[in-house]
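Enquirer: Encoded as structure tokens, here's the structure I'll be asking about.
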2 protein chains.
Amino acid sequence: MQFTSADEHRQWLSAQAALPRGFRVGTTRFSFEPAEVPKRFFMNLTLLALARPTPDFAAVFTRNAFPGAPVVIGRRRLQEPTLGAVLVNNKISNVCAPGGVETSERLCAALAAQLGLRPGEVLPSSTGVIGWGLPAEAMCGALPAVTAALQSESILPAALGIMTTDLYPKIRRADLGGGAIVGIAKGAGMIEPNLATMLVYILTDIAVPRAALRQMLPVVVGESFNSISIDSDQSTSDTVVALSSGQVEGVAEAAFREALGRVCRALAEDVVRNGEGVHHVMKVTVQGAPDAALARAVGKSVVNSPLFQCALCGNDPNIGRLVCAVGKYLGNHHPGVDVSRCRMAIGGREVFAEGAFRIAPDTERLLSAYFRQAELYASAPPDAQGVFKPPVSWPPHERSVEILIDLGCGAAAGTVIGADRSHEYVSENADYRS
Amino acid sequence: MQFTSADEHRQWLSAQAALPRGFRVGTTRFSFEPAEVPKRFFMNLTLLALARPTPDFAAVFTRNAFPGAPVVIGRRRLQEPTLGAVLVNNKISNVCAPGGVETSERLCAALAAQLGLRPGEVLPSSTGVIGWGLPAEAMCGALPAVTAALQSESILPAALGIMTTDLYPKIRRADLGGGAIVGIAKGAGMIEPNLATMLVYILTDIAVPRAALRQMLPVVVGESFNSISIDSDQSTSDTVVALSSGQVEGVAEAAFREALGRVCRALAEDVVRNGEGVHHVMKVTVQGAPDAALARAVGKSVVNSPLFQCALCGNDPNIGRLVCAVGKYLGNHHPGVDVSRCRMAIGGREVFAEGAFRIAPDTERLLSAYFRQAELYASAPPDAQGVFKPPVSWPPHERSVEILIDLGCGAAAGTVIGADRSHEYVSENADYRS
């Protein structure tokens, strides 16, 4: 896809956004004053509701050792026989806040009472400032507004409601067998100071048994959301939830799984493309590896190398930094691996083989041009305070910088998606919270 | 120490720089045109020469799986009975260049002929662009000049000669038992585009047997240079060399080792303080860990967290990002660890305990003030191209931001030194090589 304006992108999103049967979504916005700071903030409350509670739900949560209260509760909810709604707030993540679990449970109970559900049928989800407590009174006060806003046409209000400082909403769909799988995502990177979360909600009307969904979701997440990295910082709140309303007859499990994988991979790439200050998306495929875990780890070493990230941002085809990032991981974690047959290519052009660079006189120029065609935007001049802001609020295209690393010592492969490192990222994350 | 100008810093360095007995150093500068690029560059050639070849030398090299030719040769040199000189060039690292080992050996042989040494008694060392070949003719032509420049007074010319775009030379010394240990360092981070190396040379006139030196150097390096990180990118050329001329009677091994450790830790901190775009040095001490490796890994997770690095740059005491970085490592690598007794403090002030923040109304203000007193400089406005350059070329002070993490689940500890992430870092590394 290619877009020339935010409007054009929004039109395309609207077409993606038709809700699967058996779901309603609503969102509302209200102001509040946190106990911690004497200042007014706005919060969005977003509700994803099922027409009937479903036993067919699955979730994958962050592995961070200090998970937020909603993650603690979410893990409990996996034991519940059915789930009827997901309540999401932005602005405060309810992580490391005293009494966070109790506050979240209180909100679930209040919403459940309004929707005729059991409290255990409501999954809470939060993203925002770490350390502050949720404004429970204000949130309870907003529940009637969010239930009144429920509609069954479009998931777009929810995709907008869960945003913090994402530049644009993210929606992906797959239609199959008379039904659909529709997913929305929020993130990634630190979206605003003190906040770091990826939240993903996947709704389908296609019947898929609880056990099958729970078996396939972690696998699909491993190939999609766990294969991306903006800044290597796994948040305390990362959550992927999948819900089936079961209103459309089931399809073959393999077909469902393929479609679910397609939605998740596309959303994962959207998350990277909308990462903070991202000028270039890079896809690093590592093949010829002894096993898939090593392939993915080498890929992550490349996409998380600050030096290679900075070079990519500057459209500088810095092969030395690519080789350094691969060698750093292998040398430190698998010193016995034979790298003598290792080859590397950028954009289909071989740049490294037999332990040395493969560069013709015009290689640098061609690679730099290749980087430029994949650039989402060039930096606009910083403001008077030296702060850089992205000059676009939509994804101009879906091109990536493709890097192939053949380790030449095995048959396994893996692909990791990452991004460059820019002034916009530093501006977004270094400016003192005002 | 505290300095108000580059001159004042240089005066202090000169006092540190008196050479141990039995060594001479020289440096020369010449221009050349690389085969790869039709453009003139300058190269420094620096020579560290012993009055007599010594059996008492040790070296530690990068673990990167794609080491430079000088590292390949350096590993061979460890087998030699004696070493007589170290020849260092900047500008080209001789990594991944066809025939790199042969070129380096040819230079060693040419220098050996001039100094009356065997070729195997010369250790080559290079830092600079990866992928280009060394300009062997031009370098051989400069050998007479570098030997003519040898003097036995000061190591400062060598500390200057090995610099690339380091802001200032780095020298540390320890005097003991009538002799001295004097070390110089170059690095760290990507010092200029396409170049990533830390080089360290430690000279002593105190007699220390080869076996003892080789036993203690890796241990000392582990506690110093391997406990720092600017950007997690381990270069293809990192090298630490220690040479003893043996001209002063030996001291107790424990005393020598303590002094060597002091020199290395101070140099390692200098390397961080002079890292690209570093505004703040941070020292992360992790205690209460099950073992020292885990303590160091948690510390590295904090100093390498892009989000925490950016917050520190902005003097933003973002406790959530600190907790996130600790939890990310523990949750992914040691999911079984009990973190319920984990406590964290910044600048001696407790900020996290019992799974929640510990913040009083004025905590943020006090922590931010604490970050500001440790700031080396604030960003100067960028130039017309949006490029940020450090406004100082000397270390204004030696203050750090001290972070204490008590995991509460063991007795081991470790300290890691790192730095923040700034616009100056991105400018240094993202701007296209011109």
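Following the order of the structure tokens, chains are lettered A, B, ..., residues in each are numbered from 1, and ligands are numbered from 1.
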Both chains have the same sequence, so match all Cα atoms in order, fit chain B onto chain A by least squares, and return it as a CSV table (one decimal) with C-alpha atoms, in the first residue's frame.

Expert:
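Contents of the output file result29.csv:
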```csv
chain,number,residue,atom,x,y,z
B,1,MET,CA,0.0,0.0,0.0
B,2,GLN,CA,1.0,3.6,-0.6
B,3,PHE,CA,-0.7,6.6,1.0
B,4,THR,CA,-0.2,10.3,0.3
B,5,SER,CA,-2.3,11.7,3.2
B,6,ALA,CA,-3.7,10.8,6.6
B,7,ASP,CA,-7.2,11.0,5.0
B,8,GLU,CA,-6.3,8.5,2.4
B,9,HIS,CA,-4.9,6.2,5.0
B,10,ARG,CA,-8.0,6.6,7.2
B,11,GLN,CA,-10.3,5.7,4.3
B,12,TRP,CA,-8.3,2.5,3.7
B,13,LEU,CA,-8.5,1.7,7.5
B,14,SER,CA,-12.3,2.3,7.5
B,15,ALA,CA,-12.6,-0.4,4.8
B,16,GLN,CA,-10.6,-2.8,7.0
B,17,ALA,CA,-12.6,-2.0,10.1
B,18,ALA,CA,-15.9,-3.8,9.6
B,19,LEU,CA,-16.6,-5.7,12.9
B,20,PRO,CA,-17.0,-9.5,12.9
B,21,ARG,CA,-20.4,-10.6,14.1
B,22,GLY,CA,-21.1,-10.9,17.8
B,23,PHE,CA,-19.0,-7.9,18.9
B,24,ARG,CA,-19.6,-4.3,19.8
B,25,VAL,CA,-17.0,-1.7,20.5
B,26,GLY,CA,-17.2,1.8,22.1
B,27,THR,CA,-14.9,4.4,23.4
B,28,THR,CA,-15.2,7.6,25.5
B,29,ARG,CA,-12.9,10.3,26.6
B,30,PHE,CA,-12.8,12.2,30.0
B,31,SER,CA,-10.5,14.3,32.0
B,32,PHE,CA,-9.2,13.5,35.5
B,33,GLU,CA,-6.6,14.7,37.9
B,34,PRO,CA,-4.1,11.9,39.1
B,35,ALA,CA,-3.5,11.7,42.9
B,36,GLU,CA,0.3,12.0,42.1
B,37,VAL,CA,0.3,15.2,40.0
B,38,PRO,CA,-1.9,18.3,40.5
B,39,LYS,CA,-2.8,18.6,36.8
B,40,ARG,CA,-5.6,17.6,34.5
B,41,PHE,CA,-5.1,14.8,31.9
B,42,PHE,CA,-7.4,13.1,29.4
B,43,MET,CA,-8.0,9.3,29.4
B,44,ASN,CA,-9.7,7.2,26.8
B,45,LEU,CA,-11.8,4.2,28.0
B,46,THR,CA,-12.4,1.6,25.3
B,47,LEU,CA,-14.8,-1.3,25.5
B,48,LEU,CA,-14.7,-4.5,23.4
B,49,ALA,CA,-17.9,-6.4,24.2
B,50,LEU,CA,-19.2,-9.8,23.1
B,51,ALA,CA,-22.9,-10.3,22.4
B,52,ARG,CA,-22.6,-13.5,24.6
B,53,PRO,CA,-19.7,-14.5,26.9
B,54,THR,CA,-17.4,-16.9,25.1
B,55,PRO,CA,-15.3,-19.8,26.3
B,56,ASP,CA,-13.1,-19.4,23.2
B,57,PHE,CA,-10.5,-16.8,24.2
B,58,ALA,CA,-6.7,-16.8,24.5
B,59,ALA,CA,-4.1,-14.4,25.7
B,60,VAL,CA,-0.3,-14.0,25.7
B,61,PHE,CA,1.3,-11.6,28.2
B,62,THR,CA,4.7,-9.9,28.7
B,63,ARG,CA,7.4,-12.0,30.3
B,64,ASN,CA,8.7,-8.9,32.3
B,65,ALA,CA,9.3,-9.9,35.9
B,66,PHE,CA,7.4,-6.8,37.1
B,67,PRO,CA,4.1,-7.1,35.2
B,68,GLY,CA,1.3,-4.6,35.5
B,69,ALA,CA,-1.9,-5.3,37.6
B,70,PRO,CA,-4.0,-6.0,34.4
B,71,VAL,CA,-1.4,-8.7,33.4
B,72,VAL,CA,-1.6,-10.3,36.8
B,73,ILE,CA,-5.5,-10.3,36.6
B,74,GLY,CA,-5.3,-11.4,32.9
B,75,ARG,CA,-3.4,-14.5,33.8
B,76,ARG,CA,-6.1,-15.3,36.3
B,77,ARG,CA,-8.9,-14.7,33.7
B,78,LEU,CA,-7.4,-17.5,31.6
B,79,GLN,CA,-8.8,-19.9,34.2
B,80,GLU,CA,-12.4,-18.5,33.8
B,81,PRO,CA,-14.9,-20.6,31.8
B,82,THR,CA,-16.0,-17.6,29.8
B,83,LEU,CA,-15.1,-14.0,28.9
B,84,GLY,CA,-17.6,-11.3,28.0
B,85,ALA,CA,-15.7,-8.0,27.6
B,86,VAL,CA,-12.3,-6.3,27.5
B,87,LEU,CA,-12.0,-2.8,29.1
B,88,VAL,CA,-8.9,-0.8,28.0
B,89,ASN,CA,-7.6,2.5,29.3
B,90,ASN,CA,-4.7,4.6,28.1
B,91,LYS,CA,-2.7,7.2,30.1
B,92,ILE,CA,-2.0,5.1,33.2
B,93,SER,CA,-0.6,1.6,33.0
B,94,ASN,CA,-1.4,0.5,36.5
B,95,VAL,CA,2.1,-0.9,36.9
B,96,CYS,CA,3.9,-0.8,40.3
B,97,ALA,CA,1.1,1.2,41.8
B,98,PRO,CA,0.0,0.3,45.4
B,99,GLY,CA,-3.3,-1.6,45.4
B,100,GLY,CA,-3.3,-1.8,41.6
B,101,VAL,CA,-4.9,-5.2,41.4
B,102,GLU,CA,-7.7,-4.3,43.7
B,103,THR,CA,-8.5,-1.1,41.7
B,104,SER,CA,-8.6,-3.0,38.5
B,105,GLU,CA,-10.8,-5.7,39.9
B,106,ARG,CA,-13.2,-3.0,41.2
B,107,LEU,CA,-13.5,-1.5,37.7
B,108,CYS,CA,-14.2,-5.0,36.3
B,109,ALA,CA,-16.9,-5.6,38.8
B,110,ALA,CA,-18.6,-2.2,38.1
B,111,LEU,CA,-18.5,-2.8,34.3
B,112,ALA,CA,-19.8,-6.4,34.8
B,113,ALA,CA,-22.8,-5.1,36.8
B,114,GLN,CA,-23.7,-2.8,33.9
B,115,LEU,CA,-23.3,-5.4,31.2
B,116,GLY,CA,-24.9,-8.3,33.2
B,117,LEU,CA,-21.6,-10.2,33.4
B,118,ARG,CA,-19.7,-11.8,36.2
B,119,PRO,CA,-16.7,-9.7,37.3
B,120,GLY,CA,-14.4,-12.6,36.2
B,121,GLU,CA,-15.8,-12.2,32.7
B,122,VAL,CA,-14.2,-8.8,32.2
B,123,LEU,CA,-10.5,-8.6,31.2
B,124,PRO,CA,-8.8,-5.3,32.2
B,125,SER,CA,-6.0,-3.8,30.1
B,126,SER,CA,-4.1,-0.6,30.7
B,127,THR,CA,-1.3,1.4,29.1
B,128,GLY,CA,0.4,4.6,30.2
B,129,VAL,CA,2.4,6.1,33.0
B,130,ILE,CA,4.1,3.5,35.2
B,131,GLY,CA,3.8,4.0,39.0
B,132,TRP,CA,0.6,6.1,39.2
B,133,GLY,CA,-2.7,4.7,40.4
B,134,LEU,CA,-5.7,4.4,38.2
B,135,PRO,CA,-8.3,7.2,38.8
B,136,ALA,CA,-11.0,4.7,39.8
B,137,GLU,CA,-13.8,7.2,40.6
B,138,ALA,CA,-13.4,9.0,37.3
B,139,MET,CA,-13.2,5.7,35.4
B,140,CYS,CA,-16.3,4.3,37.1
B,141,GLY,CA,-18.1,7.6,36.3
B,142,ALA,CA,-17.2,7.1,32.6
B,143,LEU,CA,-18.5,3.5,32.3
B,144,PRO,CA,-22.1,4.5,31.4
B,145,ALA,CA,-20.7,6.7,28.5
B,146,VAL,CA,-18.6,3.9,27.1
B,147,THR,CA,-21.4,1.3,27.2
B,148,ALA,CA,-23.7,3.9,25.6
B,149,ALA,CA,-21.1,4.3,22.8
B,150,LEU,CA,-21.2,0.6,21.9
B,151,GLN,CA,-21.9,-0.1,18.2
B,152,SER,CA,-21.4,-3.1,16.0
B,153,GLU,CA,-20.2,-1.5,12.7
B,154,SER,CA,-16.6,-0.7,13.0
B,155,ILE,CA,-13.5,-1.4,15.1
B,156,LEU,CA,-12.0,2.0,14.2
B,157,PRO,CA,-13.2,3.8,17.3
B,158,ALA,CA,-11.4,1.1,19.4
B,159,ALA,CA,-8.2,1.3,17.3
B,160,LEU,CA,-8.3,5.1,17.9
B,161,GLY,CA,-9.2,4.8,21.6
B,162,ILE,CA,-6.3,2.6,22.6
B,163,MET,CA,-3.7,5.0,21.0
B,164,THR,CA,-1.5,7.1,23.2
B,165,THR,CA,0.9,9.0,21.0
B,166,ASP,CA,0.8,6.5,18.1
B,167,LEU,CA,0.9,8.5,14.9
B,168,TYR,CA,-2.1,6.6,13.5
B,169,PRO,CA,-4.5,3.7,14.3
B,170,LYS,CA,-3.6,0.2,13.2
B,171,ILE,CA,-6.1,-2.4,11.9
B,172,ARG,CA,-5.6,-5.5,9.9
B,173,ARG,CA,-8.2,-8.1,8.7
B,174,ALA,CA,-8.5,-11.4,7.0
B,175,ASP,CA,-11.8,-12.7,5.6
B,176,LEU,CA,-12.3,-16.4,5.3
B,177,GLY,CA,-15.2,-18.9,5.3
B,178,GLY,CA,-17.9,-16.3,5.6
B,179,GLY,CA,-16.3,-14.7,8.6
B,180,ALA,CA,-13.4,-12.5,9.5
B,181,ILE,CA,-10.5,-12.1,11.8
B,182,VAL,CA,-9.9,-8.4,12.7
B,183,GLY,CA,-7.1,-7.1,14.9
B,184,ILE,CA,-6.1,-3.8,16.3
B,185,ALA,CA,-2.8,-2.8,17.9
B,186,LYS,CA,-1.3,0.0,20.0
B,187,GLY,CA,2.5,0.6,20.3
B,188,ALA,CA,5.4,0.2,20.0
B,189,GLY,CA,8.5,1.6,21.6
B,190,MET,CA,8.0,4.2,24.3
B,191,ILE,CA,5.0,5.9,22.9
B,192,GLU,CA,5.2,8.7,25.3
B,193,PRO,CA,7.5,9.4,28.2
B,194,ASN,CA,7.0,6.9,31.0
B,195,LEU,CA,4.9,4.5,29.0
B,196,ALA,CA,5.9,1.4,27.1
B,197,THR,CA,3.4,-1.1,25.8
B,198,MET,CA,2.1,-3.1,22.9
B,199,LEU,CA,-1.5,-4.0,23.2
B,200,VAL,CA,-3.2,-6.2,20.6
B,201,TYR,CA,-6.8,-7.3,20.4
B,202,ILE,CA,-8.0,-9.8,17.8
B,203,LEU,CA,-11.7,-10.4,17.3
B,204,THR,CA,-13.2,-13.2,15.1
B,205,ASP,CA,-16.7,-14.4,14.5
B,206,ILE,CA,-15.3,-17.7,13.2
B,207,ALA,CA,-15.8,-20.6,15.7
B,208,VAL,CA,-12.5,-21.8,17.0
B,209,PRO,CA,-12.3,-24.0,20.1
B,210,ARG,CA,-10.7,-22.6,23.2
B,211,ALA,CA,-8.0,-25.3,23.2
B,212,ALA,CA,-7.1,-24.8,19.6
B,213,LEU,CA,-7.0,-21.0,20.0
B,214,ARG,CA,-4.8,-21.3,23.0
B,215,GLN,CA,-2.5,-23.7,21.3
B,216,MET,CA,-2.0,-21.6,18.2
B,217,LEU,CA,-1.9,-18.0,19.6
B,218,PRO,CA,1.5,-18.3,21.3
B,219,VAL,CA,3.0,-19.9,18.2
B,220,VAL,CA,1.6,-17.1,16.0
B,221,VAL,CA,2.8,-14.5,18.5
B,222,GLY,CA,6.3,-16.0,18.4
B,223,GLU,CA,6.4,-15.5,14.6
B,224,SER,CA,4.9,-12.0,14.6
B,225,PHE,CA,5.0,-9.8,17.7
B,226,ASN,CA,7.9,-11.6,19.3
B,227,SER,CA,9.9,-11.2,16.1
B,228,ILE,CA,9.9,-7.4,16.2
B,229,SER,CA,11.9,-4.9,18.2
B,230,ILE,CA,11.9,-1.1,18.3
B,231,ASP,CA,14.2,-0.7,21.2
B,232,SER,CA,14.6,-4.1,22.9
B,233,ASP,CA,12.6,-2.9,25.9
B,234,GLN,CA,9.9,-5.4,26.7
B,235,SER,CA,7.2,-3.6,28.6
B,236,THR,CA,5.5,-4.5,31.8
B,237,SER,CA,2.1,-4.5,30.1
B,238,ASP,CA,2.5,-6.2,26.7
B,239,THR,CA,-0.7,-8.1,25.9
B,240,VAL,CA,-2.2,-10.0,23.0
B,241,VAL,CA,-5.8,-11.1,23.4
B,242,ALA,CA,-7.8,-13.2,20.9
B,243,LEU,CA,-11.6,-13.6,21.2
B,244,SER,CA,-14.0,-15.7,19.1
B,245,SER,CA,-17.7,-15.0,19.1
B,246,GLY,CA,-18.3,-18.3,17.3
B,247,GLN,CA,-21.2,-16.9,15.2
B,248,VAL,CA,-19.8,-18.2,12.0
B,249,GLU,CA,-19.1,-21.9,11.4
B,250,GLY,CA,-15.5,-22.9,11.9
B,251,VAL,CA,-13.1,-23.4,9.1
B,252,ALA,CA,-10.2,-25.9,8.8
B,253,GLU,CA,-7.7,-25.2,11.7
B,254,ALA,CA,-4.8,-24.8,9.3
B,255,ALA,CA,-6.7,-22.2,7.3
B,256,PHE,CA,-7.7,-20.3,10.4
B,257,ARG,CA,-4.1,-20.4,11.7
B,258,GLU,CA,-2.7,-19.1,8.5
B,259,ALA,CA,-5.2,-16.2,8.4
B,260,LEU,CA,-4.5,-15.4,12.1
B,261,GLY,CA,-0.8,-15.5,11.3
B,262,ARG,CA,-1.3,-13.1,8.4
B,263,VAL,CA,-3.2,-10.6,10.6
B,264,CYS,CA,-0.6,-10.8,13.4
B,265,ARG,CA,2.4,-10.4,11.1
B,266,ALA,CA,0.8,-7.4,9.3
B,267,LEU,CA,-0.1,-5.8,12.7
B,268,ALA,CA,3.4,-6.5,14.0
B,269,GLU,CA,4.9,-4.8,11.0
B,270,ASP,CA,2.4,-1.9,11.5
B,271,VAL,CA,3.7,-1.6,15.1
B,272,VAL,CA,7.3,-1.2,13.9
B,273,ARG,CA,6.4,1.1,11.0
B,274,ASN,CA,4.6,3.3,13.6
B,275,GLY,CA,7.4,3.0,16.1
B,276,GLU,CA,8.7,6.2,17.6
B,277,GLY,CA,10.9,8.1,15.2
B,278,VAL,CA,11.0,5.2,12.7
B,279,HIS,CA,12.4,6.3,9.3
B,280,HIS,CA,13.1,2.8,7.9
B,281,VAL,CA,11.6,-0.6,8.6
B,282,MET,CA,14.2,-3.3,8.3
B,283,LYS,CA,13.5,-7.0,7.7
B,284,VAL,CA,16.4,-9.3,8.7
B,285,THR,CA,16.2,-12.9,7.5
B,286,VAL,CA,18.8,-15.2,8.9
B,287,GLN,CA,19.1,-18.6,7.1
B,288,GLY,CA,21.6,-21.4,7.2
B,289,ALA,CA,21.4,-21.4,11.0
B,290,PRO,CA,21.8,-24.5,13.2
B,291,ASP,CA,18.4,-23.8,14.7
B,292,ALA,CA,15.6,-21.2,14.5
B,293,ALA,CA,16.3,-19.7,17.9
B,294,LEU,CA,19.8,-18.8,16.9
B,295,ALA,CA,18.6,-17.4,13.6
B,296,ARG,CA,16.2,-15.1,15.4
B,297,ALA,CA,18.8,-14.1,18.0
B,298,VAL,CA,21.2,-13.1,15.2
B,299,GLY,CA,18.4,-11.1,13.6
B,300,LYS,CA,17.7,-9.3,16.9
B,301,SER,CA,21.4,-8.5,17.4
B,302,VAL,CA,21.3,-6.7,14.0
B,303,VAL,CA,18.0,-4.8,14.5
B,304,ASN,CA,19.0,-3.8,18.1
B,305,SER,CA,22.5,-2.6,17.2
B,306,PRO,CA,22.4,1.1,17.9
B,307,LEU,CA,25.2,1.7,15.5
B,308,PHE,CA,23.6,-0.1,12.6
B,309,GLN,CA,20.2,1.6,13.5
B,310,CYS,CA,21.8,5.0,13.3
B,311,ALA,CA,23.6,4.2,10.0
B,312,LEU,CA,20.3,3.1,8.5
B,313,CYS,CA,18.6,6.3,9.6
B,314,GLY,CA,21.3,8.2,7.7
B,315,ASN,CA,20.9,6.1,4.6
B,316,ASP,CA,24.4,5.0,5.2
B,317,PRO,CA,25.0,1.4,3.9
B,318,ASN,CA,27.4,0.6,6.7
B,319,ILE,CA,28.3,-3.0,6.0
B,320,GLY,CA,31.0,-3.0,8.8
B,321,ARG,CA,28.3,-2.4,11.4
B,322,LEU,CA,26.2,-5.2,10.0
B,323,VAL,CA,29.1,-7.6,10.2
B,324,CYS,CA,30.0,-6.3,13.7
B,325,ALA,CA,26.4,-7.0,15.0
B,326,VAL,CA,26.3,-10.5,13.6
B,327,GLY,CA,29.8,-11.3,14.9
B,328,LYS,CA,29.1,-9.8,18.3
B,329,TYR,CA,26.2,-12.2,18.9
B,330,LEU,CA,27.9,-15.3,17.5
B,331,GLY,CA,31.3,-14.7,19.1
B,332,ASN,CA,29.8,-14.2,22.5
B,333,HIS,CA,27.0,-16.8,22.5
B,334,HIS,CA,28.2,-19.5,20.1
B,335,PRO,CA,32.0,-19.1,19.9
B,336,GLY,CA,32.2,-22.6,18.2
B,337,VAL,CA,30.1,-21.7,15.2
B,338,ASP,CA,32.0,-21.9,11.9
B,339,VAL,CA,31.4,-18.5,10.1
B,340,SER,CA,33.7,-19.1,7.2
B,341,ARG,CA,30.8,-19.8,4.8
B,342,CYS,CA,28.7,-16.8,6.1
B,343,ARG,CA,27.3,-14.5,3.4
B,344,MET,CA,25.3,-11.3,3.7
B,345,ALA,CA,23.1,-9.4,1.2
B,346,ILE,CA,21.2,-6.1,1.4
B,347,GLY,CA,18.3,-5.6,-1.0
B,348,GLY,CA,19.4,-8.8,-2.9
B,349,ARG,CA,23.0,-7.5,-3.4
B,350,GLU,CA,25.8,-9.6,-1.9
B,351,VAL,CA,27.9,-7.4,0.4
B,352,PHE,CA,29.9,-10.0,2.4
B,353,ALA,CA,31.3,-13.4,1.7
B,354,GLU,CA,34.4,-15.5,2.6
B,355,GLY,CA,35.2,-13.2,5.5
B,356,ALA,CA,35.5,-10.1,3.4
B,357,PHE,CA,33.4,-7.3,1.9
B,358,ARG,CA,32.1,-7.7,-1.6
B,359,ILE,CA,31.8,-4.1,-2.8
B,360,ALA,CA,32.1,-2.8,-6.3
B,361,PRO,CA,32.8,1.0,-6.9
B,362,ASP,CA,29.1,1.8,-7.1
B,363,THR,CA,27.9,-0.5,-4.3
B,364,GLU,CA,27.6,2.2,-1.7
B,365,ARG,CA,25.7,4.5,-4.1
B,366,LEU,CA,23.2,1.8,-5.0
B,367,LEU,CA,22.7,0.6,-1.5
B,368,SER,CA,22.2,4.2,-0.3
B,369,ALA,CA,19.6,4.7,-3.0
B,370,TYR,CA,17.9,1.4,-1.9
B,371,PHE,CA,17.8,2.8,1.7
B,372,ARG,CA,16.3,6.0,0.5
B,373,GLN,CA,13.4,4.4,-1.4
B,374,ALA,CA,12.5,2.6,1.8
B,375,GLU,CA,12.6,5.8,3.9
B,376,LEU,CA,9.2,6.8,5.4
B,377,TYR,CA,10.2,10.4,5.9
B,378,ALA,CA,13.3,12.6,6.2
B,379,SER,CA,13.7,14.6,9.4
B,380,ALA,CA,12.1,18.0,9.4
B,381,PRO,CA,14.2,20.7,11.0
B,382,PRO,CA,13.9,20.7,14.8
B,383,ASP,CA,12.0,23.4,16.6
B,384,ALA,CA,13.6,26.2,18.6
B,385,GLN,CA,14.2,23.8,21.5
B,386,GLY,CA,16.0,21.3,19.2
B,387,VAL,CA,13.0,18.9,19.4
B,388,PHE,CA,12.4,16.7,16.3
B,389,LYS,CA,8.9,15.8,15.4
B,390,PRO,CA,7.8,13.4,12.6
B,391,PRO,CA,6.5,15.4,9.6
B,392,VAL,CA,3.9,12.7,8.7
B,393,SER,CA,1.1,11.0,10.6
B,394,TRP,CA,0.4,8.1,8.3
B,395,PRO,CA,2.5,5.3,6.7
B,396,PRO,CA,3.6,6.7,3.3
B,397,HIS,CA,4.3,3.2,2.0
B,398,GLU,CA,5.0,-0.4,3.2
B,399,ARG,CA,8.5,-0.8,1.8
B,400,SER,CA,11.3,-2.2,4.0
B,401,VAL,CA,15.1,-2.6,3.9
B,402,GLU,CA,15.6,-6.4,3.3
B,403,ILE,CA,18.8,-7.9,4.8
B,404,LEU,CA,19.7,-11.5,4.2
B,405,ILE,CA,22.3,-13.3,6.4
B,406,ASP,CA,23.2,-16.9,5.4
B,407,LEU,CA,25.2,-18.3,8.2
B,408,GLY,CA,26.2,-21.3,6.1
B,409,CYS,CA,26.1,-23.8,9.0
B,410,GLY,CA,22.7,-25.3,9.2
B,411,ALA,CA,19.2,-25.4,7.7
B,412,ALA,CA,17.1,-23.3,10.0
B,413,ALA,CA,15.8,-19.7,9.4
B,414,GLY,CA,14.0,-16.8,11.0
B,415,THR,CA,13.0,-13.3,10.2
B,416,VAL,CA,13.1,-10.3,12.6
B,417,ILE,CA,11.6,-6.9,11.9
B,418,GLY,CA,13.1,-3.8,13.4
B,419,ALA,CA,13.7,-0.1,12.7
B,420,ASP,CA,16.4,2.6,12.6
B,421,ARG,CA,17.3,5.0,15.3
B,422,SER,CA,16.6,8.7,14.8
B,423,HIS,CA,16.6,12.1,16.3
B,424,GLU,CA,12.8,11.8,16.6
B,425,TYR,CA,13.2,8.8,18.9
B,426,VAL,CA,15.6,10.6,21.2
B,427,SER,CA,13.3,13.7,21.2
B,428,GLU,CA,10.3,11.6,22.0
B,429,ASN,CA,12.0,9.9,24.9
B,430,ALA,CA,14.6,12.3,26.3
B,431,ASP,CA,12.4,15.4,26.7
B,432,TYR,CA,11.6,15.9,30.3
B,433,ARG,CA,8.0,15.2,31.3
B,434,SER,CA,6.4,18.6,31.6
```

Enquirer: Assign secondary structure with DSSP using the backbone only, and return the residues of segment 27-134 of chain A in strand (DSSP E) as JSON, numbers by chain.

Expert: {"A": [27, 28, 29, 30, 31, 32, 41, 42, 43, 44, 45, 46, 47, 48, 49, 50, 51, 52, 53, 54, 57, 58, 59, 60, 61, 83, 84, 85, 86, 87, 88, 89, 122, 123, 124, 125, 126]}

Enquirer: List every residue of segment 239-273 of chain A that DSSP, applied to the backbone, labels as alpha helix (DSSP H), and write the result as a PyMOL selection string.

Expert: chain A and resi 253-273
